[in-house]
$ cat input18.csv   # CSV, C-alpha atoms
chain,number,residue,atom,x,y,z
A,1,MET,CA,-9.0,1.8,70.8
A,2,ARG,CA,-8.6,1.6,67.1
A,3,THR,CA,-6.2,4.5,67.1
A,4,LEU,CA,-4.1,2.8,69.8
A,5,LYS,CA,-4.1,-0.4,67.7
A,6,ASN,CA,-3.0,1.5,64.7
A,7,LEU,CA,-0.1,3.0,66.6
A,8,LEU,CA,1.0,-0.4,67.9
A,9,ASP,CA,0.8,-1.9,64.4
A,10,ARG,CA,3.1,0.9,63.1
A,11,SER,CA,5.5,0.7,66.0
A,12,PRO,CA,8.9,-0.8,65.3
A,13,ILE,CA,8.7,-2.4,68.7
A,14,ASP,CA,6.7,-5.6,69.1
A,15,GLY,CA,3.5,-5.1,71.0
A,16,PHE,CA,4.4,-8.0,73.3
A,17,ILE,CA,7.5,-6.2,74.4
A,18,LEU,CA,5.5,-3.1,75.0
A,19,ALA,CA,3.0,-5.0,77.1
A,20,ILE,CA,5.8,-6.5,79.3
A,21,VAL,CA,7.3,-3.0,79.8
A,22,ALA,CA,3.8,-1.7,80.7
A,23,ALA,CA,3.4,-4.5,83.2
A,24,VAL,CA,6.6,-3.5,85.0
A,25,VAL,CA,5.7,0.2,85.0
A,26,VAL,CA,2.2,-0.5,86.3
A,27,ALA,CA,3.6,-2.7,89.0
A,28,ALA,CA,6.0,0.0,90.0
A,29,PHE,CA,3.2,2.5,90.6
A,30,LEU,CA,0.2,0.2,91.3
A,31,PRO,CA,1.5,-3.0,92.9
A,32,ILE,CA,-0.9,-5.5,94.3
A,33,ARG,CA,-0.6,-6.2,98.0
A,34,GLY,CA,-2.1,-8.3,100.8
A,35,SER,CA,-5.1,-10.5,100.1
A,36,VAL,CA,-5.3,-9.2,96.5
A,37,ALA,CA,-1.8,-10.4,95.9
A,38,GLU,CA,-2.7,-13.8,97.4
A,39,ALA,CA,-5.7,-14.1,95.0
A,40,PHE,CA,-3.5,-13.1,92.0
A,41,ASP,CA,-1.0,-15.9,93.0
A,42,TRP,CA,-3.8,-18.4,92.5
A,43,VAL,CA,-4.8,-16.8,89.2
A,44,VAL,CA,-1.2,-17.1,88.0
A,45,VAL,CA,-1.1,-20.8,88.9
A,46,VAL,CA,-4.3,-21.4,86.9
A,47,ALA,CA,-3.2,-19.3,84.0
A,48,ILE,CA,0.2,-21.2,83.8
A,49,GLY,CA,-1.6,-24.5,83.9
A,50,ALA,CA,-4.0,-23.5,81.1
A,51,LEU,CA,-1.1,-22.3,79.0
A,52,PHE,CA,0.8,-25.6,79.2
A,53,PHE,CA,-2.5,-27.5,78.6
A,54,LEU,CA,-2.8,-25.5,75.3
A,55,TYR,CA,0.9,-26.4,74.5
A,56,GLY,CA,-0.1,-30.1,75.0
A,57,THR,CA,-3.0,-29.8,72.5
A,58,ARG,CA,-0.7,-28.4,69.8
A,59,LEU,CA,2.0,-31.1,69.5
A,60,HIS,CA,0.8,-33.9,67.2
A,61,PRO,CA,2.1,-37.3,68.2
A,62,ARG,CA,3.1,-38.0,64.5
A,63,GLU,CA,5.2,-34.8,64.6
A,64,ALA,CA,6.8,-36.0,67.8
A,65,LEU,CA,7.5,-39.5,66.3
A,66,ASP,CA,9.1,-38.0,63.2
A,67,GLY,CA,11.2,-35.6,65.2
A,68,LEU,CA,12.3,-38.2,67.8
A,69,LYS,CA,14.2,-40.2,65.1
A,70,HIS,CA,16.8,-37.5,64.8
A,71,TRP,CA,18.4,-38.1,68.2
A,72,ARG,CA,21.7,-36.4,67.4
A,73,LEU,CA,20.0,-33.1,66.7
A,74,HIS,CA,18.0,-33.3,70.0
A,75,LEU,CA,21.1,-34.3,72.0
A,76,LEU,CA,23.1,-31.4,70.7
A,77,ILE,CA,20.3,-28.8,71.4
A,78,LEU,CA,19.9,-30.2,74.9
A,79,ALA,CA,23.7,-29.9,75.4
A,80,PHE,CA,23.6,-26.3,74.4
A,81,THR,CA,20.6,-25.6,76.6
A,82,PHE,CA,21.6,-27.4,79.8
A,83,VAL,CA,25.4,-27.8,79.6
A,84,ALA,CA,26.9,-25.0,77.5
A,85,PHE,CA,24.6,-22.2,78.9
A,86,PRO,CA,25.2,-23.1,82.6
A,87,ILE,CA,29.0,-23.3,82.0
A,88,ILE,CA,29.0,-19.9,80.4
A,89,GLY,CA,26.8,-18.5,83.2
A,90,LEU,CA,29.3,-19.7,85.8
A,91,ALA,CA,32.2,-18.4,83.7
A,92,LEU,CA,30.6,-14.9,83.6
A,93,LYS,CA,30.6,-14.6,87.4
A,94,PRO,CA,34.0,-12.8,87.9
A,95,VAL,CA,33.1,-10.3,85.2
A,96,ALA,CA,29.4,-9.8,85.7
A,97,GLU,CA,29.0,-9.9,89.5
A,98,PRO,CA,31.1,-6.8,90.2
A,99,LEU,CA,29.1,-4.9,87.4
A,100,ILE,CA,25.5,-5.9,88.2
A,101,GLY,CA,25.6,-7.1,91.8
A,102,ASP,CA,24.9,-10.4,93.5
A,103,ASP,CA,21.1,-10.6,93.0
A,104,LEU,CA,21.1,-9.7,89.3
A,105,TYR,CA,24.0,-12.1,88.7
A,106,ALA,CA,21.9,-14.8,90.3
A,107,GLY,CA,19.2,-13.9,87.8
A,108,LEU,CA,21.7,-14.0,85.0
A,109,LEU,CA,22.8,-17.5,86.1
A,110,PHE,CA,19.2,-18.6,86.5
A,111,LEU,CA,18.4,-17.6,82.9
A,112,CYS,CA,21.2,-19.9,81.8
A,113,LEU,CA,19.5,-22.8,83.5
A,114,VAL,CA,16.0,-22.5,82.2
A,115,PRO,CA,14.7,-24.5,79.1
A,116,SER,CA,14.4,-23.3,75.6
A,117,THR,CA,11.3,-21.5,74.2
A,118,VAL,CA,8.7,-23.5,72.4
A,119,GLN,CA,6.7,-21.0,70.2
A,120,SER,CA,9.5,-18.7,69.0
A,121,SER,CA,12.0,-21.5,68.5
A,122,ILE,CA,9.5,-23.3,66.1
A,123,ALA,CA,8.4,-20.0,64.5
A,124,PHE,CA,11.9,-18.8,63.7
A,125,THR,CA,12.9,-22.3,62.4
A,126,SER,CA,9.9,-22.2,60.1
A,127,ILE,CA,10.6,-18.7,58.8
A,128,ALA,CA,14.2,-19.6,58.2
A,129,ARG,CA,13.2,-22.8,56.3
A,130,GLY,CA,14.9,-25.1,58.9
A,131,ASN,CA,13.9,-28.6,60.3
A,132,ILE,CA,10.5,-27.7,61.7
A,133,ALA,CA,9.7,-31.3,63.0
A,134,GLY,CA,13.0,-31.4,64.8
A,135,ALA,CA,12.4,-28.0,66.3
A,136,ILE,CA,9.0,-29.0,67.6
A,137,VAL,CA,10.3,-32.1,69.3
A,138,SER,CA,13.5,-30.4,70.7
A,139,ALA,CA,11.7,-27.4,72.1
A,140,SER,CA,9.0,-29.5,73.7
A,141,ALA,CA,11.5,-32.0,75.1
A,142,SER,CA,13.6,-29.1,76.5
A,143,ASN,CA,10.5,-27.8,78.4
A,144,ILE,CA,9.5,-31.2,79.7
A,145,LEU,CA,13.0,-32.2,80.8
A,146,GLY,CA,13.5,-28.7,82.2
A,147,VAL,CA,10.8,-29.4,84.8
A,148,PHE,CA,13.3,-31.7,86.4
A,149,LEU,CA,16.7,-30.4,85.1
A,150,THR,CA,16.3,-26.7,85.9
A,151,PRO,CA,15.6,-27.3,89.6
A,152,LEU,CA,18.4,-29.8,89.8
A,153,LEU,CA,20.8,-27.3,88.2
A,154,VAL,CA,19.6,-24.6,90.6
A,155,VAL,CA,20.3,-27.0,93.5
A,156,ALA,CA,23.8,-27.7,92.1
A,157,LEU,CA,24.8,-24.2,91.1
A,158,MET,CA,22.6,-21.7,93.1
A,159,ALA,CA,22.1,-23.4,96.5
A,160,ASN,CA,23.7,-20.4,98.2
A,161,THR,CA,22.6,-17.8,95.7
A,162,GLY,CA,19.5,-15.6,95.4
A,163,ASP,CA,17.6,-17.2,98.3
A,164,ALA,CA,16.9,-20.3,96.3
A,165,HIS,CA,14.4,-22.7,98.0
A,166,ILE,CA,14.3,-26.2,96.5
A,167,ASP,CA,12.8,-29.3,98.0
A,168,ALA,CA,10.4,-32.1,97.0
A,169,SER,CA,7.4,-29.8,97.3
A,170,SER,CA,9.1,-27.2,94.9
A,171,ILE,CA,9.6,-29.8,92.2
A,172,LEU,CA,6.0,-31.1,92.7
A,173,LYS,CA,4.6,-27.6,92.3
A,174,ILE,CA,6.5,-27.2,89.0
A,175,VAL,CA,5.4,-30.6,87.8
A,176,GLY,CA,1.8,-29.8,88.7
A,177,GLN,CA,1.9,-26.4,87.0
A,178,ILE,CA,3.7,-27.4,83.8
A,179,LEU,CA,4.1,-31.1,83.1
A,180,VAL,CA,0.7,-32.4,84.3
A,181,PRO,CA,-1.4,-29.8,82.2
A,182,PHE,CA,0.8,-30.6,79.2
A,183,ILE,CA,0.2,-34.3,79.5
A,184,ILE,CA,-3.6,-33.7,79.9
A,185,GLY,CA,-3.4,-31.6,76.8
A,186,GLN,CA,-1.8,-34.4,74.9
A,187,LEU,CA,-4.4,-36.9,76.1
A,188,VAL,CA,-7.4,-34.8,75.1
A,189,ARG,CA,-5.8,-33.5,71.9
A,190,PRO,CA,-7.9,-35.7,69.5
A,191,TRP,CA,-11.0,-34.0,70.8
A,192,VAL,CA,-9.9,-30.4,71.4
A,193,GLY,CA,-6.8,-30.1,69.1
A,194,PRO,CA,-8.8,-29.2,65.9
A,195,PHE,CA,-10.6,-26.4,67.7
A,196,PHE,CA,-7.4,-24.8,69.0
A,197,ALA,CA,-5.8,-25.3,65.6
A,198,ARG,CA,-8.6,-23.3,64.0
A,199,HIS,CA,-8.4,-20.6,66.7
A,200,ALA,CA,-4.6,-20.2,67.0
A,201,LYS,CA,-5.1,-16.7,68.4
A,202,ILE,CA,-6.4,-18.2,71.6
A,203,THR,CA,-3.0,-19.9,72.2
A,204,LYS,CA,-1.1,-16.8,71.3
A,205,LEU,CA,-3.3,-14.6,73.6
A,206,ALA,CA,-2.9,-17.1,76.4
A,207,ASP,CA,0.8,-17.4,75.9
A,208,ARG,CA,1.5,-13.6,75.9
A,209,GLY,CA,-1.2,-12.8,78.4
A,210,THR,CA,0.1,-15.3,81.0
A,211,ILE,CA,3.7,-13.9,80.7
A,212,VAL,CA,2.5,-10.3,81.2
A,213,LEU,CA,0.4,-11.4,84.2
A,214,VAL,CA,3.3,-13.3,85.8
A,215,VAL,CA,5.6,-10.3,85.2
A,216,TYR,CA,3.1,-7.9,86.8
A,217,VAL,CA,2.6,-10.2,89.9
A,218,ALA,CA,6.4,-10.9,90.3
A,219,PHE,CA,7.3,-7.2,90.0
A,220,SER,CA,4.4,-6.2,92.3
A,221,GLU,CA,5.9,-8.5,95.0
A,222,GLY,CA,9.4,-7.1,94.3
A,223,VAL,CA,8.2,-3.5,94.6
A,224,ASP,CA,6.5,-4.4,97.8
A,225,HIS,CA,9.9,-5.6,99.1
A,226,GLY,CA,11.8,-2.5,97.6
A,227,ILE,CA,13.7,-4.1,94.8
A,228,TRP,CA,14.2,-0.9,92.8
A,229,SER,CA,16.1,0.7,95.7
A,230,SER,CA,18.8,-1.9,95.1
A,231,VAL,CA,19.1,-1.5,91.3
A,232,ASP,CA,20.5,1.5,89.4
A,233,ALA,CA,20.6,2.5,85.8
A,234,ALA,CA,24.2,1.4,85.3
A,235,GLN,CA,23.3,-2.1,86.4
A,236,MET,CA,20.4,-2.3,84.0
A,237,ILE,CA,22.6,-1.2,81.1
A,238,TRP,CA,25.2,-3.8,82.0
A,239,VAL,CA,22.5,-6.5,82.2
A,240,ALA,CA,21.4,-5.5,78.7
A,241,VAL,CA,25.0,-5.5,77.3
A,242,ILE,CA,25.9,-8.8,78.9
A,243,SER,CA,22.6,-10.3,77.5
A,244,LEU,CA,23.4,-9.0,74.0
A,245,LEU,CA,26.9,-10.5,74.1
A,246,LEU,CA,25.5,-13.8,75.4
A,247,VAL,CA,22.9,-14.0,72.6
A,248,ALA,CA,25.5,-13.2,70.0
A,249,PHE,CA,28.1,-15.7,71.3
A,250,MET,CA,25.5,-18.5,71.5
A,251,LEU,CA,24.3,-17.8,67.9
A,252,VAL,CA,27.9,-18.1,66.7
A,253,LEU,CA,28.5,-21.2,68.7
A,254,THR,CA,25.3,-22.9,67.6
A,255,ASP,CA,26.1,-22.2,64.0
A,256,TRP,CA,29.8,-23.3,64.1
A,257,VAL,CA,29.5,-26.5,66.1
A,258,PRO,CA,26.7,-28.2,64.0
A,259,LYS,CA,28.5,-27.4,60.8
A,260,ARG,CA,31.7,-29.1,62.2
A,261,LEU,CA,29.7,-32.1,63.2
A,262,GLY,CA,28.2,-32.5,59.7
A,263,PHE,CA,24.6,-31.3,60.2
A,264,ASP,CA,22.9,-29.9,57.1
A,265,ARG,CA,21.5,-26.4,56.7
A,266,ALA,CA,18.0,-27.3,57.9
A,267,ASP,CA,19.3,-29.1,61.0
A,268,THR,CA,21.8,-26.3,61.8
A,269,ILE,CA,19.0,-23.7,61.7
A,270,ALA,CA,16.9,-25.8,64.1
A,271,ILE,CA,19.8,-26.2,66.4
A,272,GLN,CA,20.6,-22.5,66.3
A,273,PHE,CA,17.1,-21.3,67.1
A,274,CYS,CA,16.3,-23.9,69.7
A,275,GLY,CA,19.8,-24.0,71.3
A,276,THR,CA,20.0,-20.2,71.9
A,277,LYS,CA,16.6,-19.5,73.4
A,278,LYS,CA,15.6,-19.2,77.0
A,279,SER,CA,11.9,-19.5,77.9
A,280,LEU,CA,10.2,-16.7,79.7
A,281,ALA,CA,6.9,-18.7,79.9
A,282,THR,CA,8.6,-21.6,81.7
A,283,GLY,CA,11.3,-19.6,83.6
A,284,LEU,CA,9.0,-17.2,85.3
A,285,PRO,CA,6.7,-19.9,86.9
A,286,MET,CA,9.8,-21.8,88.0
A,287,ALA,CA,11.4,-18.6,89.6
A,288,THR,CA,8.2,-17.9,91.6
A,289,VAL,CA,8.4,-21.4,93.1
A,290,LEU,CA,12.2,-21.8,93.5
A,291,PHE,CA,13.0,-18.3,95.0
A,292,ALA,CA,11.9,-16.3,98.0
A,293,GLY,CA,9.3,-13.6,97.2
A,294,SER,CA,11.6,-10.7,98.0
A,295,THR,CA,14.1,-11.6,95.3
A,296,VAL,CA,11.9,-13.0,92.5
A,297,GLY,CA,11.7,-9.6,90.7
A,298,LEU,CA,15.5,-9.3,90.5
A,299,ILE,CA,15.9,-12.9,89.6
A,300,VAL,CA,13.6,-12.7,86.6
A,301,LEU,CA,14.8,-9.3,85.4
A,302,PRO,CA,17.8,-10.6,83.4
A,303,LEU,CA,15.6,-13.3,81.9
A,304,MET,CA,13.1,-10.7,80.7
A,305,ILE,CA,15.8,-8.5,79.2
A,306,PHE,CA,17.6,-11.5,77.5
A,307,HIS,CA,14.2,-12.7,76.2
A,308,GLN,CA,13.5,-9.5,74.4
A,309,ILE,CA,17.0,-9.2,72.9
A,310,GLN,CA,16.9,-12.8,71.7
A,311,LEU,CA,13.5,-12.2,70.0
A,312,ILE,CA,14.7,-9.1,68.2
A,313,ILE,CA,18.0,-10.6,67.0
A,314,CYS,CA,16.6,-14.0,66.0
A,315,SER,CA,13.6,-12.5,64.1
A,316,TRP,CA,16.1,-10.5,62.0
A,317,LEU,CA,18.3,-13.6,61.5
A,318,ALA,CA,15.4,-15.9,60.6
A,319,THR,CA,14.1,-13.4,58.0
A,320,ARG,CA,17.6,-13.3,56.5
A,321,TYR,CA,17.9,-17.1,56.4
A,322,GLY,CA,14.4,-17.3,54.8
A,323,ARG,CA,15.4,-14.8,52.0
A,324,GLU,CA,18.6,-16.8,51.4
A,325,ALA,CA,16.6,-20.0,51.0
A,326,GLU,CA,14.2,-18.3,48.6
A,327,GLU,CA,17.2,-17.1,46.5
A,328,ILE,CA,18.6,-20.6,46.5
A,329,GLU,CA,15.3,-22.1,45.3
A,330,ALA,CA,14.9,-19.4,42.6
A,331,ALA,CA,18.4,-20.2,41.3
A,332,THR,CA,17.8,-23.9,41.0
$ encode --input "input18.csv" --output "structure tokens"
Amino acid sequence: MRTLKNLLDRSPIDGFILAIVAAVVVAAFLPIRGSVAEAFDWVVVVAIGALFFLYGTRLHPREALDGLKHWRLHLLILAFTFVAFPIIGLALKPVAEPLIGDDLYAGLLFLCLVPSTVQSSIAFTSIARGNIAGAIVSASASNILGVFLTPLLVVALMANTGDAHIDASSILKIVGQILVPFIIGQLVRPWVGPFFARHAKITKLADRGTIVLVVYVAFSEGVDHGIWSSVDAAQMIWVAVISLLLVAFMLVLTDWVPKRLGFDRADTIAIQFCGTKKSLATGLPMATVLFAGSTVGLIVLPLMIFHQIQLIICSWLATRYGREAEEIEAAT
């Protein structure tokens, strides 16, 4: 075990990415089926609820109050997340659909509709010396609003795509899995918040472990329905290329627009890192509720690929911004 840990520590690839890849590989050869799959579905529901409960315990009301005052910043980030991304997703259809097929394009469009990440958006903003309070509030607001906005966008843009299934019960399931545990976490924060602050590894383990679990269950179901027979290597490569171009374009756009609107460096960094992210932790549970079981694996595949690409590029960019800030401080 120690040798394996040492190898992972030295690897240029993040261990989380390796774990997601491993979950897909294991699901391909050892998928869960039947009553075991039904039991795992309930495990996933509980794990997702626990994850968002932990998110609720982390956001201090004072941080939320400080961040809420900067309404222009939050409005712009939400516009990138829920307006610009969906428009770009629709615009990509004539080019992307012939290259990757209907189901993978549905997944590409779906990734454009999900909320921003929480943890990585805040972490990258912090590393880059941006507006951390603004990032905390914007990323959290994106996920809370996404509980309602993402299903509505799926209804509006994907009603005839990817076997989408949206009704009142679907939205209630999402609210029950994501929003209710988050609110409970906020309510009990005064008592449990200090404990989780001292044991941050618990939240990190729950965050990553839940995503790996959801990936494994979703792909097990997809394998059971034969998803790999409908995807070839060329389609996978095109999904990766399109995701890379999408990340690059949004990084440029979220840098150019804030500067033209007069935002300072710290705000621009928060806008860039919150406005370009798409949440795997929130998107996967939503996909399992909103789409039929046979297509969930294909629907979430573009989101998984996009998520890894955004983490790699943004970690490099945040480090570069952080070094620039240090040089500026040293020169003054």
$ closest_residue --input "input18.csv" --among "A:Leu205, A:Ala330, A:Leu245, A:Ile312" --to "Ala47 of chain A" --atoms "all atoms listed in the file"
A:Leu205
$ residues_near_point --input "input18.csv" --point "(23.1, -1.2, 81.5)" --cutoff "12 Å" --atoms "all atoms listed in the file" --output "PyMOL selection string"
chain A and resi 96+99-100+104+231-244+302+305
$ residues_near_point --input "input18.csv" --point "(-3.7, -22.7, 71.7)" --cutoff "8 Å" --atoms "all atoms listed in the file" --output "mmCIF file with C-alpha atoms, in the coordinates of the input"
data_model
loop_
_atom_site.group_PDB
_atom_site.id
_atom_site.type_symbol
_atom_site.label_atom_id
_atom_site.label_comp_id
_atom_site.auth_asym_id
_atom_site.auth_seq_id
_atom_site.Cartn_x
_atom_site.Cartn_y
_atom_site.Cartn_z
ATOM 1 C CA LEU A 51 -1.100 -22.300 79.000
ATOM 2 C CA LEU A 54 -2.800 -25.500 75.300
ATOM 3 C CA TYR A 55 0.900 -26.400 74.500
ATOM 4 C CA THR A 57 -3.000 -29.800 72.500
ATOM 5 C CA ARG A 58 -0.700 -28.400 69.800
ATOM 6 C CA PHE A 196 -7.400 -24.800 69.000
ATOM 7 C CA ALA A 197 -5.800 -25.300 65.600
ATOM 8 C CA HIS A 199 -8.400 -20.600 66.700
ATOM 9 C CA ALA A 200 -4.600 -20.200 67.000
ATOM 10 C CA LYS A 201 -5.100 -16.700 68.400
ATOM 11 C CA ILE A 202 -6.400 -18.200 71.600
ATOM 12 C CA THR A 203 -3.000 -19.900 72.200
ATOM 13 C CA LYS A 204 -1.100 -16.800 71.300
ATOM 14 C CA ALA A 206 -2.900 -17.100 76.400
#
$ closest_residue --input "input18.csv" --among "A:Pro181, A:Leu152, A:Leu73, A:Lys93" --to "Asp264 of chain A" --atoms "all atoms listed in the file"
A:Leu73
$ atom_distance --input "input18.csv" --atom1 "atom CA of Ser116 of chain A" --atom2 "atom CA of Gly283 of chain A"
9.3 Å
$ atom_distance --input "input18.csv" --atom1 "atom CA of Ala218 of chain A" --atom2 "atom CA of Val300 of chain A"
8.3 Å
$ atom_distance --input "input18.csv" --atom1 "atom CA of Leu290 of chain A" --atom2 "atom CA of Ala91 of chain A"
22.5 Å
$ closest_residue --input "input18.csv" --among "A:Phe195, A:Phe40, A:Phe273, A:Phe110" --to "Leu311 of chain A" --atoms "all atoms listed in the file"
A:Phe273
$ closest_residue --input "input18.csv" --among "A:Val118, A:Val217, A:Ile127, A:Leu253" --to "Lys277 of chain A" --atoms "only C-alpha atoms"
A:Val118
$ closest_residue --input "input18.csv" --among "A:Thr268, A:Gln177, A:Ser279, A:Ser138" --to "Leu75 of chain A" --atoms "all atoms listed in the file"
A:Ser138
$ closest_residue --input "input18.csv" --among "A:Phe85, A:Phe291, A:Phe52, A:Phe182" --to "Met158 of chain A" --atoms "all atoms listed in the file"
A:Phe291
